[in-house]
Amino acid sequence: MGFVIAMSPDELVRDIDQLVALPEVFIQVNHMMEQPNCSSAKLAEIISADTDISSRLLRLVNSSMYGLRSRIDTISRAVTIAGTEELRNLVTATCAVRSFTGIPEHLINMEDYWRHGVTTGVIAKILAQQCNVLHSERLFVAGMLHDVGRLVIYLRIPDKATEILNITAGDEWILAEEEDHYLGFNHMDVGAALMKSWQLPDSIISVIQNHHTPKRATDHKFDVSLVHIALAIARGQMTGLSVEEMIWAIDPSIWEETGLSPENITPHVDKMLMMSLDTLKTILSPIDQKQA
């Protein structure tokens with residue numbers, strides 16, 4: 001028998017700022033992006049004021065994931081390269097890594113969590129580039145944050161989360177179903193509610209809401225499908241599956257939606273995973289403030 005709690009996903013994320021210490025740069029950037037006179041110069045000024053975040057962003061745009069021919073040394077140049085909306089999304093992803101702390105270790109290993117998220121994001125971005133998608137940074141952010149609702153659940157209702165994890169026994173394929181049964185909602189609902197409260201683009205919200213159930217997506221189906229493929233590969237990599245086993249569960253309609261196929265992805269999987277490791281180090285490694 002389920003123990004549906006008397007709380008909605010919106011209510012669960014409403015006071016999350018009391019548990020998640022979002023950096024001031026995140027708040028200021030989001031506020032600035034809502035202003036009609038938002039300028040790239042002002043945005044760069046705000047981001048540059050946070051040495052840690054700005055240093056991580058510069059490392060990110062100079063990483064192998066971007067493959068730029070010349071080095072980017074300033075945030076203002078990074079804004080020019082990536083665009084204001086894309087850089088806002090990257091700020092969000094980078095701030096999330098720094099902000100979600102204090103989650104009990106018996107609920108989740110945060111290093112494994114971010115490894116899975118970053119791997120999913122990098123693969124989604126590469127797949128988007130294969131499909132000639134403009135502004136593919138949003139796929140990286142959507143992939144990286146696709147499971148962020150789980151972190152909110154672990155922070156807000158850890159006892160319920162513990163019971164659900166005991167029931168699923170590590171089987172992530174049934175996690176959302178058990179959450180629905182015991183909570184009346186799942187981590188995808190919670191993640192989407194959080195992204196709405198953070199004022200992220202609808203495409204990212206749709207990915208987080210539907211990444212396990214892409215057929216249910218009513219909009220941004222292409223982005224949802226790309227991340228669905230990416231997370232299947234990322235999950236397989238973490239559980240030691242072969243490439244063939246990684247993609248066995250992907251519905252044929254997903255390949256049809258994206259125009260991709262197992263045959264044109266399989267040869268590139270090893271390279272994508274190596275790039276993911278490089279990006280993970282970029283995001284999680286300590287910043288030497290003397291070099292920042």
# chains A, B, ... in the order shown; residues from 1 in each chain; ligands from 1
$ residues_around --residues "stretch 264-275 of chain A" --least-positions-apart "5" --cutoff "12 Å" --atoms "only C-alpha atoms" --output "PDB file with N, CA and C atoms, in the first residue's frame"
ATOM      1  N   LEU A  60      35.161  25.038 -18.924  1.00  0.00           N
ATOM      2  CA  LEU A  60      34.169  24.267 -19.674  1.00  0.00           C
ATOM      3  C   LEU A  60      34.191  24.632 -21.156  1.00  0.00           C
ATOM      4  N   SER A  63      37.096  23.211 -22.921  1.00  0.00           N
ATOM      5  CA  SER A  63      37.272  21.759 -22.846  1.00  0.00           C
ATOM      6  C   SER A  63      37.070  21.116 -24.215  1.00  0.00           C
ATOM      7  N   SER A  64      37.371  19.829 -24.265  1.00  0.00           N
ATOM      8  CA  SER A  64      37.251  19.101 -25.532  1.00  0.00           C
ATOM      9  C   SER A  64      35.811  19.033 -26.015  1.00  0.00           C
ATOM     10  N   MET A  65      34.850  19.231 -25.110  1.00  0.00           N
ATOM     11  CA  MET A  65      33.450  19.173 -25.510  1.00  0.00           C
ATOM     12  C   MET A  65      33.120  20.264 -26.524  1.00  0.00           C
ATOM     13  N   TYR A  66      33.801  21.398 -26.422  1.00  0.00           N
ATOM     14  CA  TYR A  66      33.558  22.494 -27.364  1.00  0.00           C
ATOM     15  C   TYR A  66      34.474  22.437 -28.567  1.00  0.00           C
ATOM     16  N   GLY A  67      35.684  21.956 -28.364  1.00  0.00           N
ATOM     17  CA  GLY A  67      36.603  21.787 -29.482  1.00  0.00           C
ATOM     18  C   GLY A  67      36.937  23.087 -30.199  1.00  0.00           C
ATOM     19  N   ARG A 115      28.667  12.161 -12.128  1.00  0.00           N
ATOM     20  CA  ARG A 115      29.314  11.471 -13.255  1.00  0.00           C
ATOM     21  C   ARG A 115      28.265  11.027 -14.263  1.00  0.00           C
ATOM     22  N   HIS A 116      27.176  10.467 -13.765  1.00  0.00           N
ATOM     23  CA  HIS A 116      26.094  10.042 -14.657  1.00  0.00           C
ATOM     24  C   HIS A 116      25.472  11.246 -15.364  1.00  0.00           C
ATOM     25  N   VAL A 118      26.762  14.350 -15.954  1.00  0.00           N
ATOM     26  CA  VAL A 118      27.680  14.981 -16.913  1.00  0.00           C
ATOM     27  C   VAL A 118      27.852  14.094 -18.146  1.00  0.00           C
ATOM     28  N   THR A 119      27.972  12.784 -17.941  1.00  0.00           N
ATOM     29  CA  THR A 119      28.103  11.865 -19.079  1.00  0.00           C
ATOM     30  C   THR A 119      26.879  11.958 -19.976  1.00  0.00           C
ATOM     31  N   THR A 120      25.694  11.970 -19.367  1.00  0.00           N
ATOM     32  CA  THR A 120      24.457  12.107 -20.140  1.00  0.00           C
ATOM     33  C   THR A 120      24.455  13.421 -20.912  1.00  0.00           C
ATOM     34  N   GLY A 121      24.845  14.507 -20.238  1.00  0.00           N
ATOM     35  CA  GLY A 121      24.847  15.819 -20.876  1.00  0.00           C
ATOM     36  C   GLY A 121      25.811  15.925 -22.044  1.00  0.00           C
ATOM     37  N   VAL A 122      27.010  15.422 -21.859  1.00  0.00           N
ATOM     38  CA  VAL A 122      28.015  15.480 -22.930  1.00  0.00           C
ATOM     39  C   VAL A 122      27.561  14.661 -24.133  1.00  0.00           C
ATOM     40  N   ILE A 123      27.060  13.454 -23.884  1.00  0.00           N
ATOM     41  CA  ILE A 123      26.602  12.613 -24.996  1.00  0.00           C
ATOM     42  C   ILE A 123      25.427  13.267 -25.713  1.00  0.00           C
ATOM     43  N   ALA A 124      24.496  13.852 -24.944  1.00  0.00           N
ATOM     44  CA  ALA A 124      23.343  14.525 -25.557  1.00  0.00           C
ATOM     45  C   ALA A 124      23.800  15.681 -26.445  1.00  0.00           C
ATOM     46  N   LYS A 125      24.786  16.431 -25.982  1.00  0.00           N
ATOM     47  CA  LYS A 125      25.301  17.559 -26.772  1.00  0.00           C
ATOM     48  C   LYS A 125      25.971  17.067 -28.055  1.00  0.00           C
ATOM     49  N   ILE A 126      26.740  15.996 -27.956  1.00  0.00           N
ATOM     50  CA  ILE A 126      27.414  15.447 -29.140  1.00  0.00           C
ATOM     51  C   ILE A 126      26.389  14.906 -30.133  1.00  0.00           C
ATOM     52  N   LEU A 127      25.379  14.217 -29.635  1.00  0.00           N
ATOM     53  CA  LEU A 127      24.326  13.716 -30.516  1.00  0.00           C
ATOM     54  C   LEU A 127      23.606  14.877 -31.207  1.00  0.00           C
ATOM     55  N   ALA A 128      23.375  15.958 -30.453  1.00  0.00           N
ATOM     56  CA  ALA A 128      22.721  17.132 -31.028  1.00  0.00           C
ATOM     57  C   ALA A 128      23.568  17.733 -32.145  1.00  0.00           C
ATOM     58  N   GLN A 130      25.651  16.065 -33.994  1.00  0.00           N
ATOM     59  CA  GLN A 130      25.539  15.138 -35.121  1.00  0.00           C
ATOM     60  C   GLN A 130      24.277  15.420 -35.937  1.00  0.00           C
ATOM     61  N   CYS A 131      23.248  15.897 -35.231  1.00  0.00           N
ATOM     62  CA  CYS A 131      21.968  16.188 -35.881  1.00  0.00           C
ATOM     63  C   CYS A 131      21.883  17.649 -36.345  1.00  0.00           C
ATOM     64  N   LEU A 226      16.814  12.844 -27.667  1.00  0.00           N
ATOM     65  CA  LEU A 226      18.274  12.833 -27.634  1.00  0.00           C
ATOM     66  C   LEU A 226      18.786  12.521 -26.227  1.00  0.00           C
ATOM     67  N   ILE A 229      18.310   8.836 -25.311  1.00  0.00           N
ATOM     68  CA  ILE A 229      19.373   7.991 -25.860  1.00  0.00           C
ATOM     69  C   ILE A 229      20.649   8.154 -25.038  1.00  0.00           C
ATOM     70  N   ALA A 230      20.979   9.399 -24.725  1.00  0.00           N
ATOM     71  CA  ALA A 230      22.219   9.696 -23.999  1.00  0.00           C
ATOM     72  C   ALA A 230      22.233   9.049 -22.617  1.00  0.00           C
ATOM     73  N   LEU A 231      21.109   9.116 -21.916  1.00  0.00           N
ATOM     74  CA  LEU A 231      21.109   8.563 -20.556  1.00  0.00           C
ATOM     75  C   LEU A 231      21.146   7.039 -20.583  1.00  0.00           C
ATOM     76  N   ALA A 232      20.608   6.430 -21.638  1.00  0.00           N
ATOM     77  CA  ALA A 232      20.702   4.975 -21.765  1.00  0.00           C
ATOM     78  C   ALA A 232      22.162   4.549 -21.924  1.00  0.00           C
ATOM     79  N   ILE A 233      22.907   5.299 -22.729  1.00  0.00           N
ATOM     80  CA  ILE A 233      24.334   5.007 -22.917  1.00  0.00           C
ATOM     81  C   ILE A 233      25.100   5.268 -21.624  1.00  0.00           C
ATOM     82  N   ALA A 234      24.793   6.399 -20.961  1.00  0.00           N
ATOM     83  CA  ALA A 234      25.489   6.757 -19.721  1.00  0.00           C
ATOM     84  C   ALA A 234      25.212   5.745 -18.620  1.00  0.00           C
ATOM     85  N   ARG A 235      23.971   5.308 -18.507  1.00  0.00           N
ATOM     86  CA  ARG A 235      23.617   4.328 -17.482  1.00  0.00           C
ATOM     87  C   ARG A 235      24.308   2.993 -17.758  1.00  0.00           C
ATOM     88  N   GLY A 236      24.343   2.612 -19.036  1.00  0.00           N
ATOM     89  CA  GLY A 236      25.019   1.373 -19.400  1.00  0.00           C
ATOM     90  C   GLY A 236      26.492   1.420 -19.073  1.00  0.00           C
ATOM     91  N   GLN A 237      27.110   2.583 -19.303  1.00  0.00           N
ATOM     92  CA  GLN A 237      28.532   2.743 -19.014  1.00  0.00           C
ATOM     93  C   GLN A 237      28.807   2.567 -17.524  1.00  0.00           C
ATOM     94  N   MET A 238      27.927   3.086 -16.666  1.00  0.00           N
ATOM     95  CA  MET A 238      28.133   3.004 -15.223  1.00  0.00           C
ATOM     96  C   MET A 238      27.878   1.607 -14.688  1.00  0.00           C
ATOM     97  N   SER A 242      27.717  -3.627 -22.375  1.00  0.00           N
ATOM     98  CA  SER A 242      28.294  -3.401 -23.698  1.00  0.00           C
ATOM     99  C   SER A 242      27.463  -2.335 -24.410  1.00  0.00           C
ATOM    100  N   VAL A 243      28.005  -1.805 -25.505  1.00  0.00           N
ATOM    101  CA  VAL A 243      27.274  -0.787 -26.259  1.00  0.00           C
ATOM    102  C   VAL A 243      25.933  -1.327 -26.721  1.00  0.00           C
ATOM    103  N   GLU A 244      25.927  -2.574 -27.182  1.00  0.00           N
ATOM    104  CA  GLU A 244      24.682  -3.176 -27.658  1.00  0.00           C
ATOM    105  C   GLU A 244      23.656  -3.259 -26.532  1.00  0.00           C
ATOM    106  N   GLU A 245      24.143  -3.635 -25.337  1.00  0.00           N
ATOM    107  CA  GLU A 245      23.239  -3.722 -24.185  1.00  0.00           C
ATOM    108  C   GLU A 245      22.768  -2.337 -23.735  1.00  0.00           C
ATOM    109  N   MET A 246      23.617  -1.323 -23.926  1.00  0.00           N
ATOM    110  CA  MET A 246      23.264   0.028 -23.521  1.00  0.00           C
ATOM    111  C   MET A 246      21.994   0.517 -24.223  1.00  0.00           C
ATOM    112  N   ILE A 247      21.850   0.142 -25.480  1.00  0.00           N
ATOM    113  CA  ILE A 247      20.775   0.745 -26.279  1.00  0.00           C
ATOM    114  C   ILE A 247      19.618  -0.216 -26.553  1.00  0.00           C
ATOM    115  N   TRP A 255      14.534   6.453 -32.285  1.00  0.00           N
ATOM    116  CA  TRP A 255      15.470   6.548 -33.413  1.00  0.00           C
ATOM    117  C   TRP A 255      14.801   7.281 -34.574  1.00  0.00           C
ATOM    118  N   THR A 258      14.713  11.121 -34.014  1.00  0.00           N
ATOM    119  CA  THR A 258      15.987  11.833 -34.109  1.00  0.00           C
ATOM    120  C   THR A 258      16.691  11.648 -35.449  1.00  0.00           C
ATOM    121  N   GLY A 259      16.318  10.599 -36.190  1.00  0.00           N
ATOM    122  CA  GLY A 259      17.039  10.310 -37.425  1.00  0.00           C
ATOM    123  C   GLY A 259      18.353   9.592 -37.175  1.00  0.00           C
ATOM    124  N   LEU A 280      33.869  16.088 -16.898  1.00  0.00           N
ATOM    125  CA  LEU A 280      33.611  15.866 -15.478  1.00  0.00           C
ATOM    126  C   LEU A 280      34.733  16.459 -14.630  1.00  0.00           C
ATOM    127  N   LYS A 281      35.973  16.245 -15.048  1.00  0.00           N
ATOM    128  CA  LYS A 281      37.106  16.831 -14.326  1.00  0.00           C
ATOM    129  C   LYS A 281      37.025  18.358 -14.364  1.00  0.00           C
ATOM    130  N   THR A 282      36.625  18.879 -15.493  1.00  0.00           N
ATOM    131  CA  THR A 282      36.511  20.329 -15.657  1.00  0.00           C
ATOM    132  C   THR A 282      35.517  20.921 -14.664  1.00  0.00           C
TER     133      THR A 282
END
$ select_by_dssp --residues "stretch 67-159 of chain A" --states "helix (DSSP H, G or I)" --output "ChimeraX atom specification"
/A:75-82,84-99,110-130,137-144,148-156,158-159
$ residues_around --residues "A:Pro158" --least-positions-apart "5" --cutoff "12 Å" --atoms "only C-alpha atoms" --output "VMD selection string"
chain A and resid 102 to 108 150 to 153 163 to 165
$ closest_residue --among "A:Arg59, A:Arg14, A:His135, A:Arg88" --to "A:Met32" --atoms "only C-alpha atoms"
A:Arg88
$ atom_distance --atom1 "atom CA of A:Cys95" --atom2 "atom CA of A:Asp17"
12.7 Å
$ residues_around --residues "A:Val91" --least-positions-apart "2" --cutoff "9 Å" --atoms "only C-alpha atoms" --output "ChimeraX atom specification"
/A:25-26,29,47,53-54,57,86-89,93-96
$ write_last_selection --atoms "C-alpha atoms" --output "PDB file, in the first residue's frame"
ATOM      1  CA  VAL A  25      25.731  34.842  -9.249  1.00  0.00           C
ATOM      2  CA  PHE A  26      22.898  32.449 -10.110  1.00  0.00           C
ATOM      3  CA  VAL A  29      22.109  36.188 -13.710  1.00  0.00           C
ATOM      4  CA  ILE A  47      29.543  36.131 -13.775  1.00  0.00           C
ATOM      5  CA  ILE A  53      31.960  29.911 -11.228  1.00  0.00           C
ATOM      6  CA  SER A  54      33.657  32.041 -13.885  1.00  0.00           C
ATOM      7  CA  LEU A  57      32.815  28.202 -17.072  1.00  0.00           C
ATOM      8  CA  GLU A  86      23.262  29.312 -23.290  1.00  0.00           C
ATOM      9  CA  LEU A  87      25.679  30.817 -20.781  1.00  0.00           C
ATOM     10  CA  ARG A  88      22.824  31.309 -18.299  1.00  0.00           C
ATOM     11  CA  ASN A  89      22.042  27.626 -18.651  1.00  0.00           C
ATOM     12  CA  ALA A  93      24.393  23.650 -14.215  1.00  0.00           C
ATOM     13  CA  THR A  94      27.669  24.761 -12.641  1.00  0.00           C
ATOM     14  CA  CYS A  95      25.906  26.333  -9.654  1.00  0.00           C
ATOM     15  CA  ALA A  96      23.846  23.173  -9.112  1.00  0.00           C
TER      16      ALA A  96
END
$ residues_around --residues "A:Leu58" --least-positions-apart "6" --cutoff "12 Å" --atoms "only C-alpha atoms" --output "PDB file with N, CA and C atoms, in the first residue's frame"
ATOM      1  N   ALA A  44      28.366  39.301 -18.400  1.00  0.00           N
ATOM      2  CA  ALA A  44      29.754  38.882 -18.203  1.00  0.00           C
ATOM      3  C   ALA A  44      30.324  39.477 -16.917  1.00  0.00           C
ATOM      4  N   ILE A  47      28.935  37.457 -13.887  1.00  0.00           N
ATOM      5  CA  ILE A  47      29.543  36.131 -13.775  1.00  0.00           C
ATOM      6  C   ILE A  47      31.002  36.240 -13.334  1.00  0.00           C
ATOM      7  N   SER A  48      31.720  37.209 -13.869  1.00  0.00           N
ATOM      8  CA  SER A  48      33.139  37.375 -13.560  1.00  0.00           C
ATOM      9  C   SER A  48      33.379  37.701 -12.093  1.00  0.00           C
ATOM     10  N   THR A  51      34.574  34.230  -8.779  1.00  0.00           N
ATOM     11  CA  THR A  51      35.807  33.655  -9.321  1.00  0.00           C
ATOM     12  C   THR A  51      35.679  32.167  -9.600  1.00  0.00           C
ATOM     13  N   ASP A  52      35.041  31.438  -8.685  1.00  0.00           N
ATOM     14  CA  ASP A  52      34.929  29.995  -8.848  1.00  0.00           C
ATOM     15  C   ASP A  52      34.070  29.640 -10.056  1.00  0.00           C
ATOM     16  N   TYR A  66      33.801  21.398 -26.422  1.00  0.00           N
ATOM     17  CA  TYR A  66      33.558  22.494 -27.364  1.00  0.00           C
ATOM     18  C   TYR A  66      34.474  22.437 -28.567  1.00  0.00           C
ATOM     19  N   LEU A  68      37.059  24.189 -29.446  1.00  0.00           N
ATOM     20  CA  LEU A  68      37.377  25.477 -30.075  1.00  0.00           C
ATOM     21  C   LEU A  68      38.842  25.516 -30.508  1.00  0.00           C
ATOM     22  N   ARG A  71      41.913  29.545 -27.580  1.00  0.00           N
ATOM     23  CA  ARG A  71      41.521  29.563 -26.176  1.00  0.00           C
ATOM     24  C   ARG A  71      40.684  30.801 -25.858  1.00  0.00           C
ATOM     25  N   ILE A  72      39.636  30.600 -25.032  1.00  0.00           N
ATOM     26  CA  ILE A  72      38.791  31.695 -24.561  1.00  0.00           C
ATOM     27  C   ILE A  72      39.258  32.080 -23.164  1.00  0.00           C
ATOM     28  N   ASP A  73      39.685  33.332 -22.981  1.00  0.00           N
ATOM     29  CA  ASP A  73      40.279  33.752 -21.708  1.00  0.00           C
ATOM     30  C   ASP A  73      39.385  34.652 -20.871  1.00  0.00           C
ATOM     31  N   THR A  74      38.282  35.129 -21.421  1.00  0.00           N
ATOM     32  CA  THR A  74      37.418  36.035 -20.671  1.00  0.00           C
ATOM     33  C   THR A  74      35.965  35.589 -20.759  1.00  0.00           C
ATOM     34  N   ILE A  75      35.193  35.920 -19.718  1.00  0.00           N
ATOM     35  CA  ILE A  75      33.777  35.578 -19.712  1.00  0.00           C
ATOM     36  C   ILE A  75      33.039  36.342 -20.813  1.00  0.00           C
ATOM     37  N   SER A  76      33.433  37.568 -21.079  1.00  0.00           N
ATOM     38  CA  SER A  76      32.767  38.343 -22.122  1.00  0.00           C
ATOM     39  C   SER A  76      32.912  37.654 -23.476  1.00  0.00           C
ATOM     40  N   ARG A  77      34.086  37.069 -23.706  1.00  0.00           N
ATOM     41  CA  ARG A  77      34.291  36.319 -24.953  1.00  0.00           C
ATOM     42  C   ARG A  77      33.461  35.029 -24.936  1.00  0.00           C
ATOM     43  N   ALA A  78      33.356  34.403 -23.773  1.00  0.00           N
ATOM     44  CA  ALA A  78      32.550  33.191 -23.654  1.00  0.00           C
ATOM     45  C   ALA A  78      31.086  33.483 -23.950  1.00  0.00           C
ATOM     46  N   VAL A  79      30.610  34.635 -23.504  1.00  0.00           N
ATOM     47  CA  VAL A  79      29.230  35.036 -23.790  1.00  0.00           C
ATOM     48  C   VAL A  79      29.037  35.184 -25.292  1.00  0.00           C
ATOM     49  N   ILE A  81      30.714  33.671 -27.644  1.00  0.00           N
ATOM     50  CA  ILE A  81      30.791  32.364 -28.286  1.00  0.00           C
ATOM     51  C   ILE A  81      29.521  31.556 -28.050  1.00  0.00           C
ATOM     52  N   ALA A  82      29.078  31.503 -26.800  1.00  0.00           N
ATOM     53  CA  ALA A  82      27.959  30.623 -26.437  1.00  0.00           C
ATOM     54  C   ALA A  82      26.610  31.307 -26.551  1.00  0.00           C
ATOM     55  N   LEU A  87      24.787  30.635 -21.920  1.00  0.00           N
ATOM     56  CA  LEU A  87      25.679  30.817 -20.781  1.00  0.00           C
ATOM     57  C   LEU A  87      24.887  30.824 -19.476  1.00  0.00           C
ATOM     58  N   LEU A  90      24.452  27.280 -18.603  1.00  0.00           N
ATOM     59  CA  LEU A  90      25.691  26.698 -18.091  1.00  0.00           C
ATOM     60  C   LEU A  90      25.972  27.167 -16.667  1.00  0.00           C
ATOM     61  N   VAL A  91      25.655  28.421 -16.369  1.00  0.00           N
ATOM     62  CA  VAL A  91      25.795  28.931 -14.999  1.00  0.00           C
ATOM     63  C   VAL A  91      24.910  28.110 -14.062  1.00  0.00           C
ATOM     64  N   THR A  94      26.464  24.658 -13.461  1.00  0.00           N
ATOM     65  CA  THR A  94      27.669  24.761 -12.641  1.00  0.00           C
ATOM     66  C   THR A  94      27.315  25.089 -11.195  1.00  0.00           C
ATOM     67  N   THR A 279      35.194  16.419 -19.326  1.00  0.00           N
ATOM     68  CA  THR A 279      34.266  17.456 -18.883  1.00  0.00           C
ATOM     69  C   THR A 279      33.973  17.320 -17.395  1.00  0.00           C
ATOM     70  N   THR A 282      36.625  18.879 -15.493  1.00  0.00           N
ATOM     71  CA  THR A 282      36.511  20.329 -15.657  1.00  0.00           C
ATOM     72  C   THR A 282      35.517  20.921 -14.664  1.00  0.00           C
ATOM     73  N   ILE A 283      34.410  20.244 -14.471  1.00  0.00           N
ATOM     74  CA  ILE A 283      33.339  20.777 -13.626  1.00  0.00           C
ATOM     75  C   ILE A 283      33.585  20.529 -12.143  1.00  0.00           C
ATOM     76  N   ILE A 287      39.257  24.504  -8.073  1.00  0.00           N
ATOM     77  CA  ILE A 287      39.853  25.614  -8.815  1.00  0.00           C
ATOM     78  C   ILE A 287      41.005  26.191  -8.011  1.00  0.00           C
ATOM     79  N   GLN A 291      45.335  30.746 -10.047  1.00  0.00           N
ATOM     80  CA  GLN A 291      45.334  30.685 -11.497  1.00  0.00           C
ATOM     81  C   GLN A 291      44.025  31.189 -12.075  1.00  0.00           C
ATOM     82  N   ALA A 292      43.018  31.379 -11.193  1.00  0.00           N
ATOM     83  CA  ALA A 292      41.681  31.747 -11.667  1.00  0.00           C
ATOM     84  C   ALA A 292      41.666  33.135 -12.244  1.00  0.00           C
TER      85      ALA A 292
END
$ closest_residue --among "A:Thr213, A:Gln18, A:Thr80, A:Ser285" --to "A:Ser253" --atoms "only C-alpha atoms"
A:Thr213
